Amino acid sequence: MSAQTKFKTLKDIPIEDDTVPGGTLCAGCGGQHIIRIFHKILGKNVVWVNAAGCVTTLYAYPLSPMKSSWMYTAFASAPAGAQGIRDALDILIEKGKVPPSEDLKVVVVSGDGAAYDIGLQSTSGAIQRDLDFYYLVYDNEAYGNTGFQMSSSTPFGSASTTTPPTTLFRAGNTGKKKDLFEIWRAHEPPYIATLSGAHLTDFMRKVEKAGSIKGPKLFLSLSACPTGWSFDPQDTIRVERLGVETGIWPLKEAVDGEVRHTYVPRTLKPVELYLSTQDRFRHLFKPARNDEAITRIQQSVLRYWTKVGKQEGFEISLAK
Amino acid sequence: MTTRKLVTGNSAAAWGARLAKVDYIPAYPITPQTEIVETLSKWTREGVMRARVVQVESEHSMLTAAGTASLAGARVFTATSSQGFLYSLEMLYNIAGWRAPFVLVNVSRGLAAPITLEPDHNDVLSARDSGFLQFHAENCQEILDLMLLAYRVSEDRRVLLPSIVNLDGFYLSFTREPLTLPNEDSLKTFLPDYEPVDPFRASAPVAKGTPVFGGHIYSYFRYQLHGAALRAIDVYREASEEFESEFGRACGPVDGYMLDDAEYVLVMSNSFATIGKQAVRRLRDKGFPAGLLKIRMLRPFPTADILEKLRGVKGVAVLDQNIAPGSGGIIYPEIAAALYHEWDRPDCILPVVGGLGGKQLTMDEMEAIFYELKSAFRRGDRPKPMFLMREDELNSVKQSLSVAGMNKGARK
């Protein structure tokens, strides 16, 4: 990380808040947490462009929880909505119809349903057009707002209301999580990063760094969902931290396509510690332990870290 | 001061965008609309037009970008056809609710399946209830004139709704006709710069498109939308009168042709109205009291203008160049409903469906509509709907099937 960062410790979190308390989302929402922090770093000259999802309900006309601007578009086309606003501001500033002081940062904010599934086409288009925008994904690994159905971000082994564990499908979801980071990277955008609400210094430095980069910028955050994942809302940060420490959620960035892990958990905690905190994985342990599925999840994490460790020159091991 | 050019319908639409001095054109190609975005791409890249064309990856995104750019304060133009129009349909409803004024040209083309290229109006009429204002052009000049009027009405503070200007694919999109371009100075007065309401600006944060909770607040917004669309009738009339005095062309919500002493009137829209008018002339030569009412403005529905023209005639035939399977034509019930409470309403209203997928309409078919209308009036019973298809056309279908070995008779 660059030496001139403003964010050295947690104490450097800006005190100014551009989101106000009293939001309508679930207690302990990981998504709302990262939006709040993201907003603190970007400042209030922002227009959020939202796709359908949980955070859409932050707004209930005529109330607004943000000191910035907001545009709800549709499920599939928030990046295109960002395109229209960015282009309009650029053209109007260029023609002298709007002073540059009125310019705004354009930020798409959506869950994984829009980011991984229905909005992927419009995302791909916006990246290819080199649109100058941020895309913040609060990834809770399912369609949370509609009651927790599977999305293409749902990991193997997770229960969801459309992948319930049964005697025929013991693992719950048998598909695997789509790699959105790599899908973005294949488009060669200037900046992509993963975030965790439990690693805020890393989080803030990444948003800070991206601030000087023009073009499409992805921020993909694992956002623990007490309602869908079924855990006590006070444990959100703990669950997210376990996601990072078990290696399930790698913290990384890619500047001009060069990947670097920004936090290396050299001694990985066993995935069970993470899985067992959430009822969406309970069927892997009760009534009978599903060793095959748990081993498969553990192996996939180890394979990932062994591969990236070789590329970046570090070694990891699994804690006993 | 005016300029005349010989241009296609698509080119006339491009001229409409150019003369309206649009800032932004999100684009996506589809036959038969492509020439519009190709022309605008060329003009903006050559620098003769100071706007930005951004080619996006779908019509759904194209309309999303058009809507948000309009809310951000740019004057926006875009165009599509048929399948692309349907692909964007979710956004059409959204954008009208956003009250984002801009102009969308639809180059009509029949809807799949079966997939085809030639025109009818099922595509554009699928947005009938979206909240977009809707204007239908008969010829190249009307495309341009209606676009300029559409910007003026859409952006009016009493309205603030987007507009669709519809032209027929092939019959009009690729037909060259003389086009009179209004001079730019007069246009400046008629169509001043777009003044957006609460656009996205750093000094004045604003939230748009946000959800409502509860049917009461939803209804509040939907009724406001309806009210704005209704206000657009008077705003349009005012604008078209000013347009006529400035540019010399009448462009009211409807257009009557030989209606003065007409007893039997054909109601229709778009390019085939040219054929309809020719049939009316021919019938008049034979002493048949025919007339034609062309609908230019379909949304809002210009009930008063229609009543004024149709009150007191003996019979009305409504030619729907669309089909609502299981019901009939889409415009017919609207005309019938408009006339119902008039004491001197026509005794007979004949529903006709024809011209689907660009099916040619001959003089004979047009005349047949009038003859059927007259005999239905005389019979005084409920007229049977007409579905136009000539014997030679049916034989041609049968012959194709026979060549392919699919003719039932041939198989036996």
# chains A, B, ... in the order shown; residues from 1 in each chain; ligands from 1

$ interface_residues --of "chain B" --to "chain A" --cutoff "10 Å" --atoms "only C-alpha atoms" --output "tab-separated table (two decimals) with C-alpha atoms, in the first residue's frame"
chain	number	residue	atom	x	y	z
B	23	ASP	CA	-26.63	16.52	-26.31
B	24	TYR	CA	-26.63	12.77	-25.97
B	25	ILE	CA	-27.57	9.71	-28.03
B	26	PRO	CA	-27.24	6.27	-26.45
B	50	ARG	CA	-22.12	18.71	-31.12
B	51	ALA	CA	-23.43	15.66	-29.30
B	52	ARG	CA	-22.12	12.36	-28.01
B	53	VAL	CA	-23.22	9.01	-29.43
B	54	VAL	CA	-22.49	6.12	-27.08
B	55	GLN	CA	-23.17	2.67	-28.44
B	56	VAL	CA	-24.26	0.44	-25.58
B	57	GLU	CA	-24.82	-3.29	-25.35
B	58	SER	CA	-28.62	-3.57	-25.44
B	60	HIS	CA	-32.52	-2.10	-22.13
B	61	SER	CA	-29.29	-0.33	-21.24
B	62	MET	CA	-29.83	2.22	-24.00
B	63	LEU	CA	-33.14	3.34	-22.55
B	64	THR	CA	-31.76	3.29	-19.00
B	65	ALA	CA	-28.92	5.59	-20.03
B	66	ALA	CA	-31.32	7.79	-22.00
B	67	GLY	CA	-33.53	8.19	-18.94
B	68	THR	CA	-30.79	8.94	-16.42
B	69	ALA	CA	-29.02	11.33	-18.81
B	70	SER	CA	-32.26	13.24	-19.23
B	71	LEU	CA	-32.63	13.43	-15.43
B	72	ALA	CA	-29.05	14.70	-15.27
B	73	GLY	CA	-29.97	17.55	-17.62
B	74	ALA	CA	-28.94	16.47	-21.11
B	75	ARG	CA	-31.29	16.68	-24.09
B	76	VAL	CA	-31.45	13.07	-25.23
B	90	GLU	CA	-39.34	-2.45	-18.60
B	91	MET	CA	-37.41	0.78	-18.83
B	94	ASN	CA	-39.70	3.28	-15.44
B	95	ILE	CA	-38.63	6.31	-17.44
B	98	TRP	CA	-39.14	9.16	-13.57
B	199	PRO	CA	-30.95	17.49	-12.04
B	200	PHE	CA	-28.09	15.65	-10.31
B	201	ARG	CA	-25.72	18.38	-9.07
B	202	ALA	CA	-23.17	18.51	-6.26
B	203	SER	CA	-24.76	21.59	-4.68
B	204	ALA	CA	-28.27	20.11	-4.57
B	205	PRO	CA	-28.48	16.39	-3.77
B	206	VAL	CA	-31.64	14.68	-4.96
B	207	ALA	CA	-33.06	11.14	-4.89
B	208	LYS	CA	-34.96	9.84	-7.91
B	209	GLY	CA	-36.83	6.65	-8.74
B	210	THR	CA	-37.06	5.66	-5.08
B	211	PRO	CA	-39.62	3.11	-3.88
B	212	VAL	CA	-42.97	3.84	-2.29
B	213	PHE	CA	-44.58	1.66	0.31
B	217	ILE	CA	-48.73	6.68	-2.30
B	218	TYR	CA	-48.28	4.56	-5.43

$ residues_around --residues "Cys251 of chain B" --least-positions-apart "3" --cutoff "9 Å" --atoms "only C-alpha atoms" --output "VMD selection string"
chain B and resid 142 145 to 146 149 237 240 to 241 243 to 244 254 to 255 296

$ select_by_dssp --residues "segment 72-228 of chain A" --states "alpha helix (DSSP H)" --output "mmCIF file with C-alpha atoms, in the first residue's frame"
data_model
loop_
_atom_site.group_PDB
_atom_site.id
_atom_site.type_symbol
_atom_site.label_atom_id
_atom_site.label_comp_id
_atom_site.auth_asym_id
_atom_site.auth_seq_id
_atom_site.Cartn_x
_atom_site.Cartn_y
_atom_site.Cartn_z
ATOM 1 C CA ALA A 78 -27.656 0.154 -13.012
ATOM 2 C CA PRO A 79 -24.307 0.409 -14.881
ATOM 3 C CA ALA A 80 -26.196 1.806 -17.885
ATOM 4 C CA GLY A 81 -27.896 4.261 -15.539
ATOM 5 C CA ALA A 82 -24.426 5.301 -14.379
ATOM 6 C CA GLN A 83 -23.424 5.658 -18.032
ATOM 7 C CA GLY A 84 -26.250 8.115 -18.706
ATOM 8 C CA ILE A 85 -25.443 10.291 -15.687
ATOM 9 C CA ARG A 86 -21.673 10.256 -16.254
ATOM 10 C CA ASP A 87 -22.050 11.064 -19.957
ATOM 11 C CA ALA A 88 -24.617 13.798 -19.314
ATOM 12 C CA LEU A 89 -22.417 15.495 -16.699
ATOM 13 C CA ASP A 90 -19.361 15.223 -18.971
ATOM 14 C CA ILE A 91 -21.177 16.688 -21.969
ATOM 15 C CA LEU A 92 -22.852 19.478 -20.029
ATOM 16 C CA ILE A 93 -19.575 20.461 -18.342
ATOM 17 C CA GLU A 94 -17.796 20.319 -21.704
ATOM 18 C CA ASP A 112 -24.831 -10.025 -5.903
ATOM 19 C CA LEU A 120 -23.726 -8.769 -15.705
ATOM 20 C CA GLN A 121 -24.401 -7.866 -19.347
ATOM 21 C CA SER A 122 -24.767 -4.177 -18.619
ATOM 22 C CA THR A 123 -21.756 -4.302 -16.273
ATOM 23 C CA SER A 124 -19.646 -5.887 -18.997
ATOM 24 C CA GLY A 125 -20.743 -3.173 -21.424
ATOM 25 C CA ALA A 126 -19.904 -0.363 -19.022
ATOM 26 C CA ILE A 127 -16.420 -1.746 -18.306
ATOM 27 C CA GLN A 128 -15.742 -2.258 -22.006
ATOM 28 C CA LEU A 180 -16.780 -12.010 -10.446
ATOM 29 C CA PHE A 181 -13.328 -10.600 -9.644
ATOM 30 C CA GLU A 182 -11.790 -12.555 -12.521
ATOM 31 C CA ILE A 183 -14.696 -11.753 -14.860
ATOM 32 C CA TRP A 184 -14.025 -8.071 -14.239
ATOM 33 C CA ARG A 185 -10.264 -8.569 -14.563
ATOM 34 C CA ALA A 186 -10.718 -10.189 -17.999
ATOM 35 C CA LEU A 200 -11.505 -1.347 7.523
ATOM 36 C CA THR A 201 -7.976 -0.015 7.166
ATOM 37 C CA ASP A 202 -7.472 -2.210 4.113
ATOM 38 C CA PHE A 203 -10.941 -1.124 2.935
ATOM 39 C CA MET A 204 -10.295 2.605 3.296
ATOM 40 C CA ARG A 205 -6.882 2.483 1.661
ATOM 41 C CA LYS A 206 -8.328 0.744 -1.370
ATOM 42 C CA VAL A 207 -11.119 3.284 -1.838
ATOM 43 C CA GLU A 208 -8.572 6.060 -1.310
ATOM 44 C CA LYS A 209 -6.239 4.589 -3.911
ATOM 45 C CA ALA A 210 -8.997 4.169 -6.480
#

$ closest_residue --among "B:Gly358, B:Pro346, B:Gly214, B:Gly291" --to "Gly256 of chain B" --atoms "only C-alpha atoms"
B:Gly291

$ atom_distance --atom1 "atom CA of Phe148 of chain A" --atom2 "atom CA of Pro164 of chain A"
10.8 Å

$ residues_around --residues "Arg284 of chain B" --least-positions-apart "2" --cutoff "12 Å" --atoms "only C-alpha atoms" --output "ChimeraX atom specification"
/B:257-259,261-264,277-282,286-292,367,370

$ atom_distance --atom1 "atom CA of Ser230 of chain A" --atom2 "atom CA of Asp279 of chain A"
5.1 Å

$ residues_around --residues "segment 168-171 of chain A" --least-positions-apart "5" --cutoff "8 Å" --atoms "only C-alpha atoms" --output "number ranges by chain"
A: 156-159, 283-284, 290, 293

$ closest_residue --among "A:Thr24, A:Ala115, A:Pro233, A:Cys225" --to "Lys178 of chain A" --atoms "only C-alpha atoms"
A:Ala115

$ atom_distance --atom1 "atom CA of Ser223 of chain A" --atom2 "atom CA of Ala142 of chain A"
10.8 Å

$ residues_around --residues "segment 335-340 of chain B" --least-positions-apart "5" --cutoff "9 Å" --atoms "only C-alpha atoms" --output "JSON, numbers by chain"
{"B": [267, 303, 304, 306, 307, 310, 311, 318, 345, 346, 349]}

$ select_by_dssp --residues "segment 288-334 of chain B" --states "strand (DSSP E)" --output "NGL selection string"
:B and (290-295 or 297-299 or 315-320)

$ write_last_selection --atoms "N, CA and C atoms" --output "short mmCIF file (atom, residue, chain, number, x, y, z; two decimals), in the first residue's frame"
data_model
loop_
_atom_site.label_atom_id
_atom_site.label_comp_id
_atom_site.auth_asym_id
_atom_site.auth_seq_id
_atom_site.Cartn_x
_atom_site.Cartn_y
_atom_site.Cartn_z
N ALA B 290 -66.76 9.12 -49.06
CA ALA B 290 -65.74 8.58 -48.16
C ALA B 290 -64.90 9.70 -47.56
N GLY B 291 -64.31 9.42 -46.41
CA GLY B 291 -63.36 10.35 -45.78
C GLY B 291 -62.37 9.56 -44.93
N LEU B 292 -61.32 10.23 -44.46
CA LEU B 292 -60.31 9.53 -43.66
C LEU B 292 -59.88 10.39 -42.47
N LEU B 293 -59.75 9.74 -41.34
CA LEU B 293 -59.25 10.44 -40.16
C LEU B 293 -57.94 9.78 -39.74
N LYS B 294 -56.87 10.57 -39.81
CA LYS B 294 -55.56 10.04 -39.44
C LYS B 294 -55.24 10.45 -38.00
N ILE B 295 -54.81 9.47 -37.20
CA ILE B 295 -54.45 9.74 -35.81
C ILE B 295 -52.95 10.04 -35.77
N MET B 297 -51.61 11.78 -32.85
CA MET B 297 -51.29 11.64 -31.43
C MET B 297 -52.13 10.50 -30.87
N LEU B 298 -51.46 9.44 -30.44
CA LEU B 298 -52.21 8.31 -29.90
C LEU B 298 -52.23 8.33 -28.38
N ARG B 299 -51.15 8.88 -27.78
CA ARG B 299 -51.11 9.09 -26.33
C ARG B 299 -50.54 10.46 -26.09
N GLY B 315 -71.02 5.90 -40.71
CA GLY B 315 -70.23 4.73 -40.32
C GLY B 315 -68.75 5.05 -40.22
N VAL B 316 -68.09 4.35 -39.30
CA VAL B 316 -66.64 4.53 -39.12
C VAL B 316 -65.99 3.15 -39.18
N ALA B 317 -64.93 3.03 -39.96
CA ALA B 317 -64.14 1.80 -39.94
C ALA B 317 -62.80 2.13 -39.29
N VAL B 318 -62.36 1.28 -38.37
CA VAL B 318 -61.07 1.51 -37.72
C VAL B 318 -60.09 0.46 -38.23
N LEU B 319 -59.04 0.94 -38.93
CA LEU B 319 -58.05 0.00 -39.47
C LEU B 319 -56.91 -0.14 -38.47
N ASP B 320 -56.85 -1.27 -37.84
CA ASP B 320 -55.77 -1.54 -36.88
C ASP B 320 -54.65 -2.29 -37.60
#

$ decode --residues "segment 75-125 of chain B" --atoms "N, CA and C atoms" --output "compact mmCIF listing (two decimals), in the first residue's frame"
# COMPACT_ATOMS: atom_id res chain seq x y z
N ARG B 75 -30.20 16.97 -23.14
CA ARG B 75 -31.29 16.68 -24.09
C ARG B 75 -30.90 15.40 -24.83
N VAL B 76 -31.79 14.43 -24.80
CA VAL B 76 -31.45 13.07 -25.23
C VAL B 76 -32.32 12.64 -26.40
N PHE B 77 -31.69 11.90 -27.29
CA PHE B 77 -32.45 11.23 -28.37
C PHE B 77 -31.99 9.79 -28.45
N THR B 78 -32.92 8.89 -28.78
CA THR B 78 -32.53 7.54 -29.10
C THR B 78 -33.58 6.90 -30.00
N ALA B 79 -33.24 5.75 -30.57
CA ALA B 79 -34.14 5.12 -31.53
C ALA B 79 -34.01 3.61 -31.48
N THR B 80 -35.11 2.93 -31.77
CA THR B 80 -35.07 1.47 -31.83
C THR B 80 -36.19 0.96 -32.72
N SER B 81 -36.39 -0.34 -32.71
CA SER B 81 -37.44 -1.00 -33.48
C SER B 81 -37.84 -2.29 -32.77
N SER B 82 -39.10 -2.65 -32.91
CA SER B 82 -39.55 -4.03 -32.75
C SER B 82 -39.03 -4.80 -31.54
N GLN B 83 -38.23 -5.81 -31.78
CA GLN B 83 -37.73 -6.66 -30.69
C GLN B 83 -36.94 -5.83 -29.69
N GLY B 84 -36.18 -4.86 -30.22
CA GLY B 84 -35.40 -4.00 -29.35
C GLY B 84 -36.30 -3.13 -28.47
N PHE B 85 -37.39 -2.70 -29.07
CA PHE B 85 -38.38 -1.91 -28.35
C PHE B 85 -38.92 -2.72 -27.17
N LEU B 86 -39.26 -3.99 -27.46
CA LEU B 86 -39.78 -4.86 -26.39
C LEU B 86 -38.70 -5.13 -25.34
N TYR B 87 -37.45 -5.29 -25.81
CA TYR B 87 -36.37 -5.58 -24.87
C TYR B 87 -36.20 -4.42 -23.87
N SER B 88 -36.58 -3.23 -24.29
CA SER B 88 -36.43 -2.07 -23.42
C SER B 88 -37.69 -1.76 -22.63
N LEU B 89 -38.72 -2.58 -22.81
CA LEU B 89 -40.05 -2.19 -22.32
C LEU B 89 -40.09 -1.91 -20.82
N GLU B 90 -39.36 -2.70 -20.04
CA GLU B 90 -39.34 -2.45 -18.60
C GLU B 90 -38.92 -1.01 -18.32
N MET B 91 -37.92 -0.56 -19.08
CA MET B 91 -37.41 0.78 -18.83
C MET B 91 -38.37 1.87 -19.30
N LEU B 92 -39.18 1.58 -20.33
CA LEU B 92 -40.12 2.60 -20.80
C LEU B 92 -41.08 2.99 -19.67
N TYR B 93 -41.58 1.99 -18.98
CA TYR B 93 -42.48 2.28 -17.85
C TYR B 93 -41.73 3.04 -16.75
N ASN B 94 -40.51 2.60 -16.46
CA ASN B 94 -39.70 3.28 -15.44
C ASN B 94 -39.47 4.75 -15.78
N ILE B 95 -39.04 4.97 -17.02
CA ILE B 95 -38.63 6.31 -17.44
C ILE B 95 -39.81 7.29 -17.38
N ALA B 96 -40.98 6.80 -17.81
CA ALA B 96 -42.17 7.67 -17.73
C ALA B 96 -42.43 8.03 -16.28
N GLY B 97 -42.27 7.05 -15.38
CA GLY B 97 -42.45 7.31 -13.95
C GLY B 97 -41.39 8.26 -13.40
N TRP B 98 -40.20 8.23 -13.98
CA TRP B 98 -39.14 9.16 -13.57
C TRP B 98 -39.44 10.59 -14.04
N ARG B 99 -40.39 10.71 -14.98
CA ARG B 99 -40.74 12.00 -15.59
C ARG B 99 -39.51 12.60 -16.30
N ALA B 100 -38.83 11.71 -17.04
CA ALA B 100 -37.63 12.12 -17.78
C ALA B 100 -38.01 12.41 -19.22
N PRO B 101 -37.98 13.69 -19.63
CA PRO B 101 -38.43 14.01 -20.98
C PRO B 101 -37.33 13.83 -22.03
N PHE B 102 -37.60 13.04 -23.05
CA PHE B 102 -36.71 12.97 -24.22
C PHE B 102 -37.51 12.33 -25.34
N VAL B 103 -36.90 12.15 -26.49
CA VAL B 103 -37.64 11.58 -27.62
C VAL B 103 -37.00 10.28 -28.07
N LEU B 104 -37.85 9.27 -28.18
CA LEU B 104 -37.47 7.95 -28.68
C LEU B 104 -38.18 7.76 -30.01
N VAL B 105 -37.40 7.49 -31.07
CA VAL B 105 -38.04 7.15 -32.34
C VAL B 105 -38.14 5.65 -32.44
N ASN B 106 -39.34 5.16 -32.75
CA ASN B 106 -39.48 3.73 -33.03
C ASN B 106 -39.76 3.56 -34.51
N VAL B 107 -38.94 2.73 -35.15
CA VAL B 107 -39.17 2.41 -36.55
C VAL B 107 -39.90 1.07 -36.55
N SER B 108 -41.18 1.13 -36.79
CA SER B 108 -42.05 -0.04 -36.57
C SER B 108 -41.66 -1.25 -37.39
N ARG B 109 -41.77 -2.39 -36.74
CA ARG B 109 -41.49 -3.66 -37.38
C ARG B 109 -42.28 -4.71 -36.62
N GLY B 110 -42.91 -5.64 -37.35
CA GLY B 110 -43.73 -6.68 -36.72
C GLY B 110 -42.93 -7.49 -35.71
N LEU B 111 -43.64 -8.04 -34.75
CA LEU B 111 -42.97 -8.76 -33.66
C LEU B 111 -42.90 -10.27 -33.93
N ALA B 112 -41.80 -10.88 -33.51
CA ALA B 112 -41.64 -12.33 -33.60
C ALA B 112 -42.48 -12.98 -32.51
N ALA B 113 -42.94 -14.25 -32.72
CA ALA B 113 -42.72 -15.09 -33.87
C ALA B 113 -43.97 -15.11 -34.75
N PRO B 114 -43.85 -15.35 -36.07
CA PRO B 114 -42.58 -15.54 -36.77
C PRO B 114 -41.79 -14.24 -36.90
N ILE B 115 -40.49 -14.35 -36.89
CA ILE B 115 -39.67 -13.14 -36.97
C ILE B 115 -39.74 -12.57 -38.38
N THR B 116 -39.85 -11.26 -38.45
CA THR B 116 -39.99 -10.58 -39.73
C THR B 116 -39.31 -9.22 -39.66
N LEU B 117 -39.23 -8.54 -40.79
CA LEU B 117 -38.58 -7.23 -40.81
C LEU B 117 -39.56 -6.10 -41.09
N GLU B 118 -40.69 -6.43 -41.71
CA GLU B 118 -41.58 -5.36 -42.19
C GLU B 118 -42.57 -4.91 -41.11
N PRO B 119 -43.21 -3.78 -41.35
CA PRO B 119 -43.86 -3.09 -40.23
C PRO B 119 -45.29 -3.51 -39.90
N ASP B 120 -45.61 -3.46 -38.64
CA ASP B 120 -46.94 -3.17 -38.14
C ASP B 120 -46.75 -2.53 -36.78
N HIS B 121 -47.82 -2.33 -36.04
CA HIS B 121 -47.70 -1.45 -34.87
C HIS B 121 -47.82 -2.15 -33.53
N ASN B 122 -47.71 -3.47 -33.53
CA ASN B 122 -47.73 -4.15 -32.24
C ASN B 122 -46.53 -3.77 -31.38
N ASP B 123 -45.40 -3.45 -32.03
CA ASP B 123 -44.23 -3.07 -31.22
C ASP B 123 -44.52 -1.79 -30.43
N VAL B 124 -44.86 -0.74 -31.15
CA VAL B 124 -45.02 0.56 -30.47
C VAL B 124 -46.25 0.57 -29.55
N LEU B 125 -47.29 -0.18 -29.93
CA LEU B 125 -48.50 -0.16 -29.10
C LEU B 125 -48.30 -0.94 -27.80
